Amino acid sequence: MDLSLTDDQKMIKETAASFVKKDSPVARARELRDSALGWDAAVYRQMGELGWLGLPLPEAAGGFGGTMVDAAILLEEFGKTLVPEPYLASVVLGGRALVHGATAAQQAELLGPMIEGERVISLAWAERGSRYDPEAIEARAERRGEGWAITGEKVWALGAHAADDLIVSARADAGISLFHVAKGARGLTVQTVKTMDGGRAGRVRLEGAEARLLGEPGAAGAALSRVLDDAAAAACAEGVGVATAVLWMTVEYLKTRKQFGVPIGVFQALQHRAVDMFVATELLKGTSILANARAGSDDVVERQRAVSAAKAQLSSGGFYVVAQGTQLHGGIGVTDEHDISLYFKRMRVLMALFGDEEHHVARYAALPSFTAGL
Amino acid sequence: MDLSLTDDQKMIKETAASFVKKDSPVARARELRDSALGWDAAVYRQMGELGWLGLPLPEAAGGFGGTMVDAAILLEEFGKTLVPEPYLASVVLGGRALVHGATAAQQAELLGPMIEGERVISLAWAERGSRYDPEAIEARAERRGEGWAITGEKVWALGAHAADDLIVSARADAGISLFHVAKGARGLTVQTVKTMDGGRAGRVRLEGAEARLLGEPGAAGAALSRVLDDAAAAACAEGVGVATAVLWMTVEYLKTRKQFGVPIGVFQALQHRAVDMFVATELLKGTSILANARAGSDDVVERQRAVSAAKAQLSSGGFYVVAQGTQLHGGIGVTDEHDISLYFKRMRVLMALFGDEEHHVARYAALPSFTAGL
Amino acid sequence: MDLSFTPEEEAFRAEVRAFVASAMPPHLAEKAAVDGHFGMDEMMEWHRILYAKGWVAPHWPKELGGPGWSVAQRFIFTEELESAGAPILSPFGLAMVGPLLIQFGTKAQKERYLPKILSGEEVWCQGYSEPGSGSDLASLRTEARDEGDHFVVNGQKTWTTYAQYADWIFCLVRTNPSVKQQAGISFLLIDMKTEGVTVKPMLTSGHTPAFCDTFFDNVRVPKENVVGKVDQGWTMAKALLGHERTLIAAVGQSARAIQRVKHIAQATRCGDATLLDDPLFRAKVARLEIQLEAHRMANLRALAGAQLGHAPGPESSILKLRGSEILQQAYELAMDAMGQNALSWFNEPDVVPPDEHWVPSVFNYNRATTIYGGSNEIQKNIIAKLILGLPQVGKD
Amino acid sequence: MDLSFTPEEEAFRAEVRAFVASAMPPHLAEKAAVDGHFGMDEMMEWHRILYAKGWVAPHWPKELGGPGWSVAQRFIFTEELESAGAPILSPFGLAMVGPLLIQFGTKAQKERYLPKILSGEEVWCQGYSEPGSGSDLASLRTEARDEGDHFVVNGQKTWTTYAQYADWIFCLVRTNPSVKQQAGISFLLIDMKTEGVTVKPMLTSGHTPAFCDTFFDNVRVPKENVVGKVDQGWTMAKALLGHERTLIAAVGQSARAIQRVKHIAQATRCGDATLLDDPLFRAKVARLEIQLEAHRMANLRALAGAQLGHAPGPESSILKLRGSEILQQAYELAMDAMGQNALSWFNEPDVVPPDEHWVPSVFNYNRATTIYGGSNEIQKNIIAKLILGLPQVGKD
């Protein structure tokens with residue numbers, strides 16, 4: 001057992017920590033939420049130059065050959081200042097969907113430019129009726145000549161409004177499959193949809209849209225399950241950063257805000273609330289570490305057990321931290337102009353993505369590990 | 001809308017309050033938990049003389065002709081000092097089972113002596129496999145000559161160890177029916193079983209036990225449902241008394257116990273905990289009033305809605321009060337010699353009787369009222 | 001004891017319901033149906049409709065324009081209006097400064113202000129909090145300097161909700177800087193059009209207008225605008241707090257929010273059935289509804305006390321505590337029910353179903369329910385001190 | 001980063017597990033199977049078995065009888081023993097006064113006491129709390145009067161768990177009444193057989209023996225029985241607290257308790273299936289297990305810190321906080337699972353299934369987990385002050 005970081009990981013952490021502090025304060029996130037893109041294309045390219053976009057992607061495709069643990073280190077730092085670039089969307093969802101579901105050649109072709117920061121990949125898996133089940137979809141794929149044609153609608157495809165490459169799930173005769181739909185493809189319309197945290201997603205309409213099969217037909221169920229576990233683990237890591245920032249922002253407020261002639265942090269009920277926030281943050285951190293370490297595991301039970309535990313913890317403990325952080329800030333906590341309201345929104349978005357508390361508790365309880373040894 | 005008590009009810013409340021204060025301090029409950037009977041037969045008779053045992057029972061059978069609201073007023077006071085006499089067992093469960101399930105003549109015959117305090121009635125409805133469903137039973141009743149013979153086992157029949165009359169549910173050819181089994185009947189064995197709160201229940205073995213049918217055969221389902229709602233409402237009323245006593249006992253402790261040179265009640269975290277206890281007690285009181293008022297209603301939805309809400313509140317808020325009361329007492333709270341441990345146990349017993357939180361939440365959510373207007 | 005309303009009260013309920021259904025203009029009803037945010041103009045439109053009906057000030061004396069209802073009728077009226085999703089009227093005139101003037105105002109003040117509050121001709125806002133004085137109101141620093149026949153006011157008020165739409169503001173100001181804390185404060189009415197008053201609106205976290213900062217730069221205020229006596233503003237503030245505390249329970253609002261949760265859940269597919277059929281989600285909703293049931297009983301018990309003539313005491317703090325928490329939790333459940341649709345933020349109407357459109361905004365802003373009107377922590381301090389009698393630091 | 005144990009560590013786990021399975025005598029194993037309350041004689045029997053194996057003091061230096069394990073091995077050892085339901089050894093000698101003597105004892109003290117602690121020949125108890133000094137230990141009043149070559153001790157200690165079985169007690173006593181609070185306290189070892197020592201046992205709320213009051217009436221104690229220096233008892237007490245804090249997490253105990261909940265639920269009929277199949281109950285258990293998972297990770301992270309040589313700091317307060325709450329909640333769930341069987345109280349064995357027999361007793365006594373070892377409120381004060389750096393009353 002070894003919970004320490006490798007030298008590489010230490011360096012990633014330090015670089016990222018310095019980046020968010022110097023180059024990406026919350027003010028940047030605040031500013032960009034009103035832009036058309038929702039992020040800064042130059043910063044995204046810079047992330048490519050730093051090698052960050054390839055961290056959890058295979059060396060063969062130009063990546064760093066790392067794991068979700070490496071990506072988690074970055075995301076935790078990004079969470080601390082709400083870095084708006086589409087790391088979760090393009091690298092984790094887009095990139096790792098290809099890792100799990102595309103051939104080596106397809107990976108090399110599509111991942112390469114994204115890793116450089118030249119292109120954005122987006123995964124369009126959800127539909128209006130799918131809630132958190134990636135197999136509950138109705139989009140249909142049919143052969144058309146050499147390629148395929150997809151008809152259906154996808155919602156909440158993170159980053160799809162600006163994606164160069166879309167990875168789309170659809171039901172073919174062989175079962176659920178993944179497809180590549182290029183930007184501007186015939187039959188493709190992407191509507192930009194705002195998200196609560198100031199980000200953007202795409203509502204993707206496919207009317208016989210021109211598509212290319214990725215990997216084997218009918219084999220995408222496992223790939224989708226894996227990439228959504230990766231993404232859930234990533235959301236937890238980012239949530240750790242959000243919670244950590246809110247915790248210390250709140251502690252600082254308790255130390256400086258005076259009422260009745262004393263800093264309000266002397267009031268024991270508020271102290272204990274801050275302690276509960278600290279405990280929740282620490283517990284989230286631990287489960288997030290485990291989830292990201294197990295995200296790469298081929299043992300589906302081990303993996304889902306760890307990911308679901310962490311994601312449930314995000315929705316309970318993580319939300320507790322931002323809700324109580326807001327409460328302890330009093331009136332200014334519920335203004336748009338105070339940063340804590342941005343953190344609050346980001347945490348709530350992370351909760352809603354890739355399965356809420358109930359979804360993951362139920363999944364956890366349905367795993368064979370839950371009844372092992374009875 | 002009128003939440004005030006009638007003059008009769010005010011008098012009941014005053015008399016009961018004075019009784020528990022002067023004649024039935026907690027010390028009496030503590031002493032009697034080691035006795036064979038578990039209560040004082042003389043006090044039980046005295047309750048008969050005061051007219052208390054007939055309060056929620058029909059005038060035609062010698063009762064006062066009141067409602068569960070009247071019984072609730074008494075039980076709330078009883079809860080304050082853990083009065084051990086079998087009011088819930090004999091009057092509510094035994095007595096009202098007869099009201100709901102026996103003919104007028106049977107009621108007059110069996111209720112009369114109980115109302116006088118001369119006899120104890122006990123309801124034996126639960127079996128090992130029935131959990132909280134009175135219809136999930138296996139005891140069988142078959143005709144034998146003029147009467148009936150019952151075979152089966154009943155558990156946790158409150159007061160059955162000392163009952164003169166047992167009301168037993170069993171499955172006959174016509175369906176679930178109620179029977180009267182007299183003390184000492186052939187084929188009847190009652191084992192005394194201790195309960196956590198210092199009380200006694202009976203484990204009732206029936207081996208072709210001699211029995212008499214009550215009411216109509218096969219019609220006991222509704223009667224059992226009603227009497228268990230009565231009993232659940234009664235448990236809530238008693239729980240209000242328990243919670244009230246624990247709340248004020250704890251507040252008193254916070255005022256007098258000194259640590260660090262001050263009464264510990266100055267610490268804000270403990271103050272707010274006491275406030276949460278107060279709020280929980282008030283909410284329990286309100287739901288208990290509603291449950292006992294609706295217990296008599298023929299509208300099954302209205303009745304179950306109110307009773308389930310209150311019983312769920314008992315298991316959440318009521319338990320919160322005794323758990324936190326214990327916590328705030330520190331070490332002495334977990335000794336047998338401090339009274340709060342007796343209150344804690346009584347509350348936990350009330351929780352376990354007639355349906356726990358989950359049972360009542362699920363029942364509440366299954367009522368047509370839950371989806372009305374959708 | 002009788003927990004039902006009388007037939008007369010039930011008839012009154014039906015009358016209110018019918019009136020609301022017929023009197024609410026279509027554009028308001030449409031917004032009410034989705035619990036959208038009502039703008040100030042829409043609130044005032046509804047104000048005038050109720051005024052025309054004579055129902056705008058249920059708690060005012062009949063001779064001053066109140067309808068002369070019983071406590072039970074007022075409860076029913078509030079519950080019905082909230083359940084219908086009608087715009088919640090601005091409380092600053094009708095529920096706050098109005099009743100205070102009725103109790104303490106001079107004849108001239110009553111004649112000058114009350115009719116226009118009632119008709120909605122003049123809109124009010126509240127100037128209590130300051131940047132450094134939130135829960136600790138007594139430390140306020142906005143100063144009113146005595147200049148003979150008038151005061152000159154300087155300072156800043158914050159959380160002056162809807163000040164950008166207000167004609168008047170009632171303020172707590174310091175008229176005597178040499179005495180300590182509460183002693184030197186006065187209750188002052190200030191015309192927002194006076195020179196030197198500026199308002200800086202802010203958005204809430206739900207991206208709706210509400211809060212403002214209001215600045216006073218040498219603002220002249222005639223002395224006749226003091227309510228009560230000079231330096232007795234603290235007494236005024238406490239009296240104001242006592243008014244209509246049972247109305248803060250928001251029972252109808254929460255009932256409506258829970259009904260919305262059920263609607264959304266029923267329309268949401270989850271596995272082979274709907275989310276409302278999911279045992280875990282259904283139990284969550286049921287638990288909250290049971291909490292609301294308990295809260296409603298607490299409200300009715302407070303009401304019963306009021307019927308008997310007891311003034312609402314500190315136990316009404318429970319109503320604020322629980323009412324605010326339940327409303328907040330109802331919107332948390334609505335967000336849960338929406339699943340990924342909870343990501344939505346002021347998008348085009350067809351991105352999420354109409355039922356869900358306003359939920360994220362209201363969810364965000366509803367974090368304020370446990371903060372405003374005396375934060376829940378302050379409510380707990382009040383209960384600890386005044387009901388439980390727990391010792392205070394340094395005062396045992 | 002590698003979250004698995006090494007193959008060597010896993011082999012060690014298997015070795016421990018096999019040893020426990022073979023070494024536990026049948027009458028202990030039988031009780032372990034139902035998590036029954038172990039009497040002092042049973043605890044000491046298991047103590048001697050572990051002693052014979054050389055495993056009784058995992059955290060003692062090898063030269064003094066410890067096994068020389070790594071931090072990870074100690075975690076595994078504890079988890080395995082707890083998971084097997086083995087008797088939890090009395091901590092007063094092995095985990096408390098023993099390590100303190102190793103750190104601060106004189107050579108003579110070490111030679112006199114340590115071997116008999118190790119072998120179990122002498123049983124210890126702790127004399128810290130007094131009726132008026134619980135959380136506020138520094139206010140203790142038991143007095144040790146200096147009489148030249150010995151002290152004369154007078155006073156009362158409370159919560160002296162298992163004092164009725166103890167040969168020795170370690171006490172905090174006031175040796176200097178003229179200095180304030182912490183300053184005049186000494187750490188004293190007292191032979192329980194000394195004249196003037198009397199013990200009054202009490203039952204816990206679980207109706208098991210544990211607590212005692214211990215009275216000192218002119219008890220003569222040789223001066224050589226002071227650990228550290230006279231008047232430096234507070235330093236000793238703080239040093240003692242630092243020992244083996246990661247072991248208080250009770251991860252194995254809680255895992256075992258949750259497994260028991262599942263067992264009971266699986267054997268309980270509920271509708272057409274078992275209670276474990278009931279979605280609401282199953283989710284409740286899953287939520288608690290997830291909490292335990294999170295808690296276990298916190299424990300492993302603390303352990304990783306210890307591996308790197310960091311002394312366990314105030315963050316180990318989290319382990320006490322969460323460990324105690326989770327264990328308590330597991331027994332709450334076990335009671336819920338039992339339904340009406342939760343009424344049971346020391347009845348004949350066949351009244352409820354063996355699995356359930358001890359649950360009500362343990363459930364009751366487990367309310368103490370959040371109280372003893374520094375109440376959870378005290379732990380929160382520690383975290384607020386030492387980790388969050390929040391200002392203290394009167395010290396800002």
# chains A, B, ... in the order shown; residues from 1 in each chain; ligands from 1
>>> residues_around(residues="Glu77 (chain B)", least_positions_apart="3", cutoff="9 Å", atoms="only C-alpha atoms", output="list in words")
Lys13, Ala16, Ala17, Phe19, Val20, Ala72, Ile73, Leu74, Lys80, Thr81, Leu82, Val83, Ala237, Glu238, Val240, Gly241 and Val242 of chain B
>>> write_last_selection(atoms="N, CA, C and O atoms", output="mmCIF file, in the first residue's frame")
data_model
loop_
_atom_site.group_PDB
_atom_site.id
_atom_site.type_symbol
_atom_site.label_atom_id
_atom_site.label_comp_id
_atom_site.auth_asym_id
_atom_site.auth_seq_id
_atom_site.Cartn_x
_atom_site.Cartn_y
_atom_site.Cartn_z
ATOM 1 N N LYS B 13 -56.183 15.448 31.941
ATOM 2 C CA LYS B 13 -54.775 15.832 31.847
ATOM 3 C C LYS B 13 -54.231 16.238 33.222
ATOM 4 O O LYS B 13 -53.147 15.820 33.614
ATOM 5 N N ALA B 16 -53.963 13.190 35.549
ATOM 6 C CA ALA B 16 -52.860 12.316 35.142
ATOM 7 C C ALA B 16 -51.514 12.965 35.467
ATOM 8 O O ALA B 16 -50.586 12.304 35.947
ATOM 9 N N ALA B 17 -51.424 14.252 35.212
ATOM 10 C CA ALA B 17 -50.166 14.952 35.485
ATOM 11 C C ALA B 17 -49.843 14.883 36.969
ATOM 12 O O ALA B 17 -48.692 14.658 37.368
ATOM 13 N N PHE B 19 -50.952 12.589 39.044
ATOM 14 C CA PHE B 19 -50.653 11.185 39.360
ATOM 15 C C PHE B 19 -49.202 10.834 39.055
ATOM 16 O O PHE B 19 -48.493 10.274 39.891
ATOM 17 N N VAL B 20 -48.737 11.186 37.852
ATOM 18 C CA VAL B 20 -47.368 10.762 37.506
ATOM 19 C C VAL B 20 -46.368 11.488 38.399
ATOM 20 O O VAL B 20 -45.327 10.935 38.759
ATOM 21 N N ALA B 72 -54.805 9.447 24.438
ATOM 22 C CA ALA B 72 -53.507 10.061 24.149
ATOM 23 C C ALA B 72 -53.107 11.060 25.220
ATOM 24 O O ALA B 72 -51.925 11.188 25.558
ATOM 25 N N ILE B 73 -54.075 11.764 25.746
ATOM 26 C CA ILE B 73 -53.784 12.736 26.807
ATOM 27 C C ILE B 73 -53.173 12.025 28.013
ATOM 28 O O ILE B 73 -52.172 12.475 28.579
ATOM 29 N N LEU B 74 -53.776 10.897 28.371
ATOM 30 C CA LEU B 74 -53.240 10.092 29.479
ATOM 31 C C LEU B 74 -51.838 9.580 29.163
ATOM 32 O O LEU B 74 -50.904 9.702 29.954
ATOM 33 N N LYS B 80 -44.136 10.582 30.520
ATOM 34 C CA LYS B 80 -43.209 11.487 31.207
ATOM 35 C C LYS B 80 -42.484 10.830 32.370
ATOM 36 O O LYS B 80 -41.376 11.255 32.729
ATOM 37 N N THR B 81 -43.120 9.843 32.997
ATOM 38 C CA THR B 81 -42.413 9.128 34.078
ATOM 39 C C THR B 81 -42.410 7.623 33.845
ATOM 40 O O THR B 81 -42.240 6.841 34.777
ATOM 41 N N LEU B 82 -42.646 7.208 32.618
ATOM 42 C CA LEU B 82 -42.548 5.794 32.255
ATOM 43 C C LEU B 82 -43.466 4.911 33.092
ATOM 44 O O LEU B 82 -43.057 3.839 33.562
ATOM 45 N N VAL B 83 -44.693 5.335 33.253
ATOM 46 C CA VAL B 83 -45.683 4.548 34.005
ATOM 47 C C VAL B 83 -45.775 3.138 33.409
ATOM 48 O O VAL B 83 -46.026 2.994 32.213
ATOM 49 N N ALA B 237 -48.259 9.168 21.184
ATOM 50 C CA ALA B 237 -48.630 10.020 22.311
ATOM 51 C C ALA B 237 -47.705 9.753 23.497
ATOM 52 O O ALA B 237 -47.199 10.682 24.137
ATOM 53 N N GLU B 238 -47.469 8.493 23.773
ATOM 54 C CA GLU B 238 -46.560 8.178 24.872
ATOM 55 C C GLU B 238 -45.164 8.700 24.545
ATOM 56 O O GLU B 238 -44.462 9.225 25.423
ATOM 57 N N VAL B 240 -44.416 11.296 22.881
ATOM 58 C CA VAL B 240 -44.375 12.742 23.140
ATOM 59 C C VAL B 240 -43.996 12.987 24.601
ATOM 60 O O VAL B 240 -43.159 13.847 24.904
ATOM 61 N N GLY B 241 -44.591 12.195 25.487
ATOM 62 C CA GLY B 241 -44.266 12.332 26.907
ATOM 63 C C GLY B 241 -42.809 12.001 27.184
ATOM 64 O O GLY B 241 -42.124 12.728 27.922
ATOM 65 N N VAL B 242 -42.342 10.917 26.583
ATOM 66 C CA VAL B 242 -40.943 10.509 26.768
ATOM 67 C C VAL B 242 -40.010 11.615 26.262
ATOM 68 O O VAL B 242 -39.063 12.023 26.944
#
>>> residues_around(residues="Val285 (chain C)", least_positions_apart="4", cutoff="10 Å", atoms="only C-alpha atoms", output="ChimeraX atom specification")
/B:361,365,370 /C:258-259,261-262,265,276,279-281,289-291,329-330,333-334
>>> write_last_selection(atoms="N, CA, C and O atoms", output="short mmCIF file (atom, residue, chain, number, x, y, z; two decimals), in the first residue's frame")
data_model
loop_
_atom_site.label_atom_id
_atom_site.label_comp_id
_atom_site.auth_asym_id
_atom_site.auth_seq_id
_atom_site.Cartn_x
_atom_site.Cartn_y
_atom_site.Cartn_z
N VAL B 361 -43.16 5.09 6.28
CA VAL B 361 -42.89 5.95 5.12
C VAL B 361 -43.39 5.25 3.85
O VAL B 361 -44.05 5.86 3.01
N ALA B 365 -46.37 6.51 1.44
CA ALA B 365 -46.12 6.77 0.02
C ALA B 365 -46.98 5.92 -0.89
O ALA B 365 -47.10 6.20 -2.08
N PHE B 370 -51.09 10.18 -1.81
CA PHE B 370 -49.75 10.60 -2.19
C PHE B 370 -49.67 11.04 -3.65
O PHE B 370 -48.86 11.88 -4.01
N ILE C 258 -43.50 20.46 -3.48
CA ILE C 258 -43.50 18.99 -3.43
C ILE C 258 -44.36 18.42 -4.54
O ILE C 258 -44.01 17.41 -5.17
N GLN C 259 -45.46 19.08 -4.81
CA GLN C 259 -46.31 18.63 -5.92
C GLN C 259 -45.53 18.73 -7.24
O GLN C 259 -45.62 17.84 -8.08
N VAL C 261 -42.30 18.42 -7.56
CA VAL C 261 -41.35 17.29 -7.54
C VAL C 261 -42.04 16.03 -8.06
O VAL C 261 -41.51 15.30 -8.89
N LYS C 262 -43.25 15.80 -7.56
CA LYS C 262 -43.97 14.59 -7.98
C LYS C 262 -44.27 14.63 -9.48
O LYS C 262 -44.14 13.62 -10.17
N ALA C 265 -41.13 13.89 -11.35
CA ALA C 265 -40.75 12.49 -11.19
C ALA C 265 -41.67 11.58 -12.00
O ALA C 265 -41.24 10.57 -12.58
N LEU C 276 -41.19 8.38 -10.13
CA LEU C 276 -42.10 8.43 -8.98
C LEU C 276 -42.41 7.01 -8.47
O LEU C 276 -42.82 6.83 -7.32
N PRO C 279 -38.79 3.16 -5.58
CA PRO C 279 -39.04 3.16 -4.13
C PRO C 279 -38.16 4.15 -3.37
O PRO C 279 -38.63 4.80 -2.44
N LEU C 280 -36.90 4.28 -3.76
CA LEU C 280 -36.02 5.19 -3.03
C LEU C 280 -36.44 6.64 -3.21
O LEU C 280 -36.53 7.40 -2.25
N PHE C 281 -36.70 7.01 -4.46
CA PHE C 281 -37.07 8.40 -4.69
C PHE C 281 -38.42 8.71 -4.05
O PHE C 281 -38.61 9.74 -3.40
N GLU C 289 -42.66 15.14 2.61
CA GLU C 289 -44.08 15.49 2.77
C GLU C 289 -44.52 15.28 4.22
O GLU C 289 -45.31 16.06 4.75
N ILE C 290 -44.00 14.25 4.85
CA ILE C 290 -44.31 14.02 6.27
C ILE C 290 -43.75 15.18 7.11
O ILE C 290 -44.40 15.66 8.04
N GLN C 291 -42.58 15.65 6.75
CA GLN C 291 -42.03 16.80 7.46
C GLN C 291 -42.93 18.02 7.29
O GLN C 291 -43.13 18.79 8.23
N GLN C 329 -35.38 22.00 0.80
CA GLN C 329 -35.25 20.57 0.48
C GLN C 329 -36.15 20.16 -0.66
O GLN C 329 -35.81 19.28 -1.46
N ALA C 330 -37.32 20.78 -0.75
CA ALA C 330 -38.22 20.45 -1.85
C ALA C 330 -37.55 20.78 -3.18
O ALA C 330 -37.62 20.00 -4.14
N LEU C 333 -34.95 18.22 -4.03
CA LEU C 333 -35.56 17.02 -4.62
C LEU C 333 -35.97 17.27 -6.07
O LEU C 333 -35.85 16.38 -6.91
N ALA C 334 -36.46 18.46 -6.35
CA ALA C 334 -36.84 18.77 -7.73
C ALA C 334 -35.61 18.67 -8.64
O ALA C 334 -35.68 18.12 -9.74
#
>>> closest_residue(among="A:Met196, A:Val69, A:Leu224, A:Leu123", to="Leu3 (chain A)", atoms="only C-alpha atoms")
A:Val69
>>> interface_residues(of="chain B", to="chain A", cutoff="10 Å", atoms="only C-alpha atoms", output="PyMOL selection string")
chain B and resi 266-273
>>> closest_residue(among="C:Leu189, C:Ala302, C:Met236, C:Leu172", to="Glu143 (chain C)", atoms="only C-alpha atoms")
C:Leu172
>>> closest_atom_pairs(of="chain D", to="chain A", cutoff="8 Å", atoms="only C-alpha atoms", output="CSV")
residue,atom,partner,partner_atom,distance
D:Met1,CA,A:Leu3,CA,4.8
D:Asp2,CA,A:Asp2,CA,4.8
D:Leu3,CA,A:Met1,CA,5.1
D:Ser4,CA,A:Met1,CA,5.1
D:Phe5,CA,A:Met1,CA,4.5
D:Thr6,CA,A:Met1,CA,6.2
D:Ala72,CA,A:Met1,CA,7.8
D:Gln259,CA,A:Leu374,CA,7.7
D:Lys262,CA,A:Leu374,CA,7.5
D:His263,CA,A:Leu374,CA,6.4
D:Arg282,CA,A:Ala365,CA,6.7
D:Ala283,CA,A:Val361,CA,6.3
D:Ala286,CA,A:Ala365,CA,5.5
D:Arg287,CA,A:Val361,CA,6.5
D:Ile290,CA,A:Ala309,CA,5.4
D:Gln291,CA,A:Gln313,CA,8.0
D:Glu293,CA,A:Thr287,CA,7.4
D:Ala294,CA,A:Leu283,CA,5.3
D:His295,CA,A:Leu283,CA,6.6
D:Met297,CA,A:Gly286,CA,5.1
D:Ala298,CA,A:Gly286,CA,5.8
D:Arg301,CA,A:Leu3,CA,7.0
D:Ala304,CA,A:Leu3,CA,6.2
D:Ile318,CA,A:Val279,CA,6.7
D:Lys380,CA,A:His272,CA,6.0
D:Asn381,CA,A:His272,CA,7.2
D:Ile383,CA,A:Val275,CA,6.5
D:Ala384,CA,A:Gln271,CA,5.9
D:Leu388,CA,A:Val251,CA,6.9
D:Leu390,CA,A:Gly265,CA,5.8
D:Pro391,CA,A:Val266,CA,5.3
D:Gln392,CA,A:Val266,CA,5.3
D:Val393,CA,A:Val266,CA,5.4
D:Asp396,CA,A:Val262,CA,7.8
>>> closest_residue(among="C:Ser324, C:Asp278, C:Ser135, C:Ser317", to="chain D", atoms="only C-alpha atoms")
C:Asp278
>>> residues_around(residues="Pro360 (chain C)", least_positions_apart="3", cutoff="9 Å", atoms="only C-alpha atoms", output="list in words")
Met196 of chain A; Gly206, Tyr331, Ala334, Met335, Ala342, Leu343, Ser344, Trp345, Phe346, Glu356, His357, Phe363, Asn364 and Tyr365 of chain C
>>> select_by_dssp(residues="region 163-240 of chain A", states="alpha helix (DSSP H)", output="number ranges by chain")
A: 220-240
>>> write_last_selection(atoms="N, CA and C atoms", output="compact mmCIF listing (two decimals), in the first residue's frame")
# COMPACT_ATOMS: atom_id res chain seq x y z
N ALA A 220 -20.52 -1.53 -27.67
CA ALA A 220 -20.25 -0.27 -26.99
C ALA A 220 -20.76 -0.21 -25.55
N GLY A 221 -21.57 -1.19 -25.16
CA GLY A 221 -22.12 -1.16 -23.81
C GLY A 221 -21.03 -1.08 -22.76
N ALA A 222 -20.05 -1.98 -22.89
CA ALA A 222 -18.97 -2.01 -21.90
C ALA A 222 -18.13 -0.73 -21.96
N ALA A 223 -17.90 -0.25 -23.19
CA ALA A 223 -17.08 0.96 -23.33
C ALA A 223 -17.77 2.15 -22.67
N LEU A 224 -19.07 2.26 -22.89
CA LEU A 224 -19.81 3.37 -22.29
C LEU A 224 -19.80 3.26 -20.77
N SER A 225 -19.99 2.05 -20.28
CA SER A 225 -19.97 1.84 -18.84
C SER A 225 -18.62 2.28 -18.26
N ARG A 226 -17.56 1.92 -18.97
CA ARG A 226 -16.22 2.27 -18.47
C ARG A 226 -15.97 3.77 -18.53
N VAL A 227 -16.33 4.38 -19.65
CA VAL A 227 -16.02 5.81 -19.76
C VAL A 227 -16.86 6.63 -18.77
N LEU A 228 -18.07 6.18 -18.52
CA LEU A 228 -18.88 6.92 -17.53
C LEU A 228 -18.33 6.72 -16.12
N ASP A 229 -17.73 5.57 -15.86
CA ASP A 229 -17.06 5.38 -14.57
C ASP A 229 -15.83 6.29 -14.47
N ASP A 230 -15.08 6.35 -15.57
CA ASP A 230 -13.94 7.28 -15.60
C ASP A 230 -14.41 8.70 -15.30
N ALA A 231 -15.50 9.08 -15.98
CA ALA A 231 -15.98 10.45 -15.85
C ALA A 231 -16.53 10.71 -14.45
N ALA A 232 -17.19 9.72 -13.88
CA ALA A 232 -17.70 9.89 -12.52
C ALA A 232 -16.55 10.07 -11.54
N ALA A 233 -15.51 9.27 -11.73
CA ALA A 233 -14.33 9.40 -10.86
C ALA A 233 -13.69 10.78 -11.05
N ALA A 234 -13.64 11.22 -12.30
CA ALA A 234 -13.06 12.53 -12.59
C ALA A 234 -13.89 13.64 -11.94
N ALA A 235 -15.21 13.50 -12.00
CA ALA A 235 -16.08 14.49 -11.38
C ALA A 235 -15.81 14.56 -9.87
N CYS A 236 -15.55 13.41 -9.28
CA CYS A 236 -15.25 13.39 -7.84
C CYS A 236 -13.95 14.14 -7.56
N ALA A 237 -12.96 13.91 -8.40
CA ALA A 237 -11.67 14.58 -8.19
C ALA A 237 -11.85 16.09 -8.30
N GLU A 238 -12.59 16.52 -9.32
CA GLU A 238 -12.83 17.95 -9.44
C GLU A 238 -13.63 18.45 -8.23
N GLY A 239 -14.58 17.62 -7.79
CA GLY A 239 -15.38 17.97 -6.62
C GLY A 239 -14.53 18.15 -5.37
N VAL A 240 -13.46 17.36 -5.25
CA VAL A 240 -12.55 17.52 -4.12
C VAL A 240 -11.95 18.93 -4.14
